[in-house]
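Colleague: Take a look at this one; I'll ask things after.
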Amino acid sequence: MSNGIKYNVWPIGKLPKQWQRPELDSLAKRGYHIDDPRDAIDIFEKKLASYAGSKYAVTVDCCSNGLFLSLKYFKASGQVTIPSRTYVSVPMQILHAGCQVKFDDIEWSGIYQLKPYPIIDGAVRFTKNMYVPETLHVVSFQIKKRLPIGRGGVILTDDEEAYRWLKMASYDGRDLKKPYMDDNFEMMGYHMYMTPEDAARGIILMDELPEVNEDTGSRNNYSDLSSKSIFINNDM
């Protein structure tokens with residue numbers, strides 16, 4: 001990484017070669033300079049921001065957690081309105097963040113807003129210049145998505161303050177510009193970061209991906225969650 005702090009990949013210093021995943025070596029063979037495993041995360045985030053049309057990108061371990069972190073960044077409270085036909089984890093994350101869910105029967109494809117907050121659930125859209133300006137725009141890399149890493153997601157933003165908060169919040173509140181032993185852990189964070197190996201897989205997949213892609217989902221792919229008992233009287 002640019003800060004020069006080395007990533008200790010295993011307690012004894014080096015994970016045996018036969019136990020390592022192949023993606024980081026594959027990047028080196030493709031001409032990418034990987035001095036530290038976390039360089040793959042930096043490269044992937046820059047590629048994602050350039051592709052999406054945002055200034056910044058924060059990779060996370062899944063889209064659902066990206067939505068949760070976005071709600072926490074805005075200190076969300078009260079009702080959050082989403083389509084009644086969407087994936088079940090979205091209302092669950094709203095509840096976990098301390099809000100209430102309001103379902104609305106609306107048409108949507110690819111993306112929709114978690115109203116009234118400038119948060120975009122873009123789990124089923126991945127195409128050039130997809131970023132919705134002045135939002136936290138969250139994307140999924142689940143195995144059925146356009147960039148099928150298997151697990152992972154990204155939060156796109158133009159806001160430097162949000163970018164810095166989300167980077168620390170997603171990585172246990174750690175300041176990665178400081179050596180671990182020197183970090184005073186001044187922020188309460190979450191264990192929601194993307195691994196270097198998954199980021200490397202994302203880079204490899206992006207190198208092969210077309211710029212323009214159709215949405216992989218809409219309201220027609222989901223059941224009506226407003227009728228599910230778990231979300232009726234959903235105060236937590």
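Within each chain, counting starts at residue 1; across the structure tokens, chains are named A, B, ... in the order shown, with ligands numbered 1 upward in that order.
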Need the shell around Tyr171 in chain A: protein/DNA/RNA residues with any atom at most 8 Å away, counting only C-alpha atoms. Skip same-chain ones fewer than 5 positions apart. Format as a ChimeraX atom specification?

Modeller: /A:189-193

Colleague: Those same residues - C-alpha atoms - I'd like them written as a PDB file, in the first residue's frame.

Modeller:
```
ATOM      1  CA  GLY A 189     -16.080  -0.005  13.512  1.00  0.00           C
ATOM      2  CA  TYR A 190     -17.449  -3.156  11.915  1.00  0.00           C
ATOM      3  CA  HIS A 191     -15.751  -6.255  10.498  1.00  0.00           C
ATOM      4  CA  MET A 192     -17.047  -5.799   6.927  1.00  0.00           C
ATOM      5  CA  TYR A 193     -14.001  -5.343   4.694  1.00  0.00           C
TER       6      TYR A 193
END
```

Colleague: Identify, with DSSP run on backbone atoms, the residues in range 69-222 of chain A assigned to alpha helix (DSSP H), and express the list as a ChimeraX atom specification.

Modeller: /A:69-73,89-96,160-170,196-208

Colleague: Write out the residues from the selection above, keeping N, CA and C atoms, as a compact mmCIF listing (two decimals), in the first residue's frame.

Modeller:
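selection-v3.txt written:
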```txt
# COMPACT_ATOMS: atom_id res chain seq x y z
N LEU A 69 -23.83 0.00 6.53
CA LEU A 69 -22.84 1.04 6.82
C LEU A 69 -23.30 2.40 6.32
N SER A 70 -23.95 2.43 5.16
CA SER A 70 -24.45 3.69 4.61
C SER A 70 -25.51 4.29 5.53
N LEU A 71 -26.40 3.47 6.06
CA LEU A 71 -27.40 3.95 7.01
C LEU A 71 -26.74 4.46 8.28
N LYS A 72 -25.71 3.78 8.75
CA LYS A 72 -25.02 4.22 9.95
C LYS A 72 -24.28 5.54 9.71
N TYR A 73 -23.73 5.71 8.51
CA TYR A 73 -23.04 6.96 8.20
C TYR A 73 -23.98 8.14 8.31
N SER A 89 -32.78 -9.22 2.56
CA SER A 89 -31.77 -8.66 3.46
C SER A 89 -31.88 -7.15 3.60
N VAL A 90 -32.49 -6.48 2.62
CA VAL A 90 -32.54 -5.01 2.66
C VAL A 90 -33.37 -4.52 3.84
N PRO A 91 -34.63 -4.96 4.00
CA PRO A 91 -35.36 -4.52 5.20
C PRO A 91 -34.72 -5.00 6.48
N MET A 92 -34.08 -6.14 6.45
CA MET A 92 -33.41 -6.62 7.66
C MET A 92 -32.28 -5.68 8.07
N GLN A 93 -31.50 -5.19 7.09
CA GLN A 93 -30.42 -4.26 7.41
C GLN A 93 -30.96 -2.94 7.94
N ILE A 94 -32.09 -2.51 7.39
CA ILE A 94 -32.73 -1.28 7.89
C ILE A 94 -33.10 -1.44 9.36
N LEU A 95 -33.66 -2.59 9.71
CA LEU A 95 -34.02 -2.87 11.09
C LEU A 95 -32.78 -2.98 11.97
N HIS A 96 -31.77 -3.66 11.49
CA HIS A 96 -30.53 -3.79 12.26
C HIS A 96 -29.89 -2.43 12.52
N GLU A 160 -15.63 12.90 0.00
CA GLU A 160 -14.39 12.45 0.62
C GLU A 160 -14.57 12.11 2.09
N GLU A 161 -15.38 12.90 2.80
CA GLU A 161 -15.63 12.61 4.21
C GLU A 161 -16.30 11.26 4.39
N ALA A 162 -17.31 10.97 3.54
CA ALA A 162 -17.99 9.67 3.61
C ALA A 162 -17.01 8.55 3.28
N TYR A 163 -16.18 8.77 2.28
CA TYR A 163 -15.20 7.76 1.88
C TYR A 163 -14.29 7.40 3.06
N ARG A 164 -13.77 8.42 3.72
CA ARG A 164 -12.84 8.15 4.83
C ARG A 164 -13.54 7.46 5.99
N TRP A 165 -14.78 7.88 6.30
CA TRP A 165 -15.52 7.24 7.38
C TRP A 165 -15.81 5.79 7.05
N LEU A 166 -16.27 5.53 5.83
CA LEU A 166 -16.63 4.18 5.42
C LEU A 166 -15.42 3.25 5.38
N LYS A 167 -14.26 3.77 4.96
CA LYS A 167 -13.05 2.94 4.95
C LYS A 167 -12.72 2.47 6.36
N MET A 168 -12.77 3.37 7.33
CA MET A 168 -12.45 2.99 8.70
C MET A 168 -13.56 2.14 9.31
N ALA A 169 -14.82 2.53 9.07
CA ALA A 169 -15.93 1.79 9.67
C ALA A 169 -15.98 0.35 9.20
N SER A 170 -15.64 0.12 7.95
CA SER A 170 -15.70 -1.24 7.40
C SER A 170 -14.54 -2.11 7.85
N PRO A 196 -8.07 -9.12 0.21
CA PRO A 196 -7.26 -8.88 -0.98
C PRO A 196 -7.50 -9.91 -2.09
N GLU A 197 -7.72 -11.16 -1.70
CA GLU A 197 -7.94 -12.20 -2.72
C GLU A 197 -9.23 -11.98 -3.49
N ASP A 198 -10.29 -11.56 -2.78
CA ASP A 198 -11.54 -11.26 -3.47
C ASP A 198 -11.40 -10.04 -4.36
N ALA A 199 -10.66 -9.03 -3.89
CA ALA A 199 -10.42 -7.85 -4.71
C ALA A 199 -9.65 -8.23 -5.97
N ALA A 200 -8.66 -9.12 -5.82
CA ALA A 200 -7.90 -9.56 -6.99
C ALA A 200 -8.78 -10.27 -7.99
N ARG A 201 -9.69 -11.10 -7.51
CA ARG A 201 -10.64 -11.76 -8.42
C ARG A 201 -11.51 -10.73 -9.12
N GLY A 202 -11.91 -9.68 -8.40
CA GLY A 202 -12.71 -8.64 -9.01
C GLY A 202 -11.96 -7.93 -10.14
N ILE A 203 -10.68 -7.67 -9.94
CA ILE A 203 -9.87 -7.04 -10.98
C ILE A 203 -9.81 -7.91 -12.23
N ILE A 204 -9.57 -9.20 -12.03
CA ILE A 204 -9.49 -10.14 -13.15
C ILE A 204 -10.81 -10.18 -13.92
N LEU A 205 -11.92 -10.23 -13.20
CA LEU A 205 -13.23 -10.26 -13.85
C LEU A 205 -13.52 -8.95 -14.58
N MET A 206 -13.16 -7.82 -13.97
CA MET A 206 -13.40 -6.54 -14.62
C MET A 206 -12.64 -6.39 -15.92
N ASP A 207 -11.45 -6.98 -15.98
CA ASP A 207 -10.65 -6.90 -17.20
C ASP A 207 -11.33 -7.60 -18.37
N GLU A 208 -12.27 -8.50 -18.09
CA GLU A 208 -12.96 -9.26 -19.13
C GLU A 208 -14.40 -8.80 -19.34
```

Colleague: Considering only C-alpha atoms, return as an MDAnalysis selection string whatever protein or nucleic-acid residues lie within 10 Å of Leu67 in chain A, sequence-local ones (same chain, fewer than 5 positions apart) excluded.

Modeller: chainID A and resid 62 72:73 89:90 93:94 97 114 119:122 136:139 153:155

Colleague: Using N, CA and C atoms, can you write the selected residues to a file as a compact mmCIF listing (two decimals), in the first residue's frame?

Modeller:
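Writing the result to out37.txt gives the following:
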```txt
# COMPACT_ATOMS: atom_id res chain seq x y z
N CYS A 62 -19.99 -7.51 1.51
CA CYS A 62 -21.24 -7.81 0.81
C CYS A 62 -22.06 -6.53 0.67
N LYS A 72 -25.71 3.78 8.75
CA LYS A 72 -25.02 4.22 9.95
C LYS A 72 -24.28 5.54 9.71
N TYR A 73 -23.73 5.71 8.51
CA TYR A 73 -23.04 6.96 8.20
C TYR A 73 -23.98 8.14 8.31
N SER A 89 -32.78 -9.22 2.56
CA SER A 89 -31.77 -8.66 3.46
C SER A 89 -31.88 -7.15 3.60
N VAL A 90 -32.49 -6.48 2.62
CA VAL A 90 -32.54 -5.01 2.66
C VAL A 90 -33.37 -4.52 3.84
N GLN A 93 -31.50 -5.19 7.09
CA GLN A 93 -30.42 -4.26 7.41
C GLN A 93 -30.96 -2.94 7.94
N ILE A 94 -32.09 -2.51 7.39
CA ILE A 94 -32.73 -1.28 7.89
C ILE A 94 -33.10 -1.44 9.36
N ALA A 97 -30.09 -1.49 11.60
CA ALA A 97 -29.52 -0.15 11.76
C ALA A 97 -30.34 0.71 12.72
N LEU A 114 -33.23 4.14 -0.86
CA LEU A 114 -33.71 3.93 0.50
C LEU A 114 -34.14 5.30 1.02
N ILE A 119 -29.25 7.03 -0.36
CA ILE A 119 -28.63 5.69 -0.42
C ILE A 119 -29.30 4.92 -1.55
N ILE A 120 -28.50 4.38 -2.42
CA ILE A 120 -28.99 3.63 -3.57
C ILE A 120 -28.65 2.16 -3.42
N ASP A 121 -29.66 1.30 -3.47
CA ASP A 121 -29.44 -0.14 -3.58
C ASP A 121 -29.30 -0.45 -5.07
N GLY A 122 -28.06 -0.67 -5.50
CA GLY A 122 -27.79 -0.98 -6.90
C GLY A 122 -27.29 -2.40 -7.07
N LEU A 136 -24.69 7.58 -1.64
CA LEU A 136 -23.91 6.37 -1.36
C LEU A 136 -24.59 5.27 -2.15
N HIS A 137 -23.92 4.80 -3.17
CA HIS A 137 -24.49 3.88 -4.15
C HIS A 137 -23.84 2.51 -3.94
N VAL A 138 -24.65 1.54 -3.52
CA VAL A 138 -24.11 0.24 -3.09
C VAL A 138 -24.37 -0.82 -4.16
N VAL A 139 -23.33 -1.59 -4.47
CA VAL A 139 -23.37 -2.59 -5.55
C VAL A 139 -23.01 -3.96 -4.98
N GLY A 153 -19.03 -6.47 -2.19
CA GLY A 153 -19.79 -5.33 -2.66
C GLY A 153 -18.93 -4.09 -2.62
N VAL A 154 -19.51 -2.97 -3.06
CA VAL A 154 -18.78 -1.70 -3.03
C VAL A 154 -19.76 -0.58 -2.76
N ILE A 155 -19.29 0.44 -2.04
CA ILE A 155 -20.04 1.67 -1.82
C ILE A 155 -19.36 2.76 -2.65
```

Colleague: Which one is closest to Phe103 in chain A: A:Asp172, A:Asp224, A:Asp39, A:Glu45? Count only C-alpha atoms.

Modeller: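 Comparing A:Asp172, A:Asp224, A:Asp39, A:Glu45 against Phe103 in chain A, the winner is A:Asp224.
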
Colleague: Between CA of Ser64 in chain A and CA of Val80 in chain A, what distance in Å does the model show, to one decimal?

Modeller: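 Between CA of Ser64 in chain A and CA of Val80 in chain A the gap works out to 15.1 Å.
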
Colleague: For CA of Met181 in chain A and CA of Arg38 in chain A, quote the distance in Å rounded to one decimal.

Modeller: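 It comes out at 18.1 Å.
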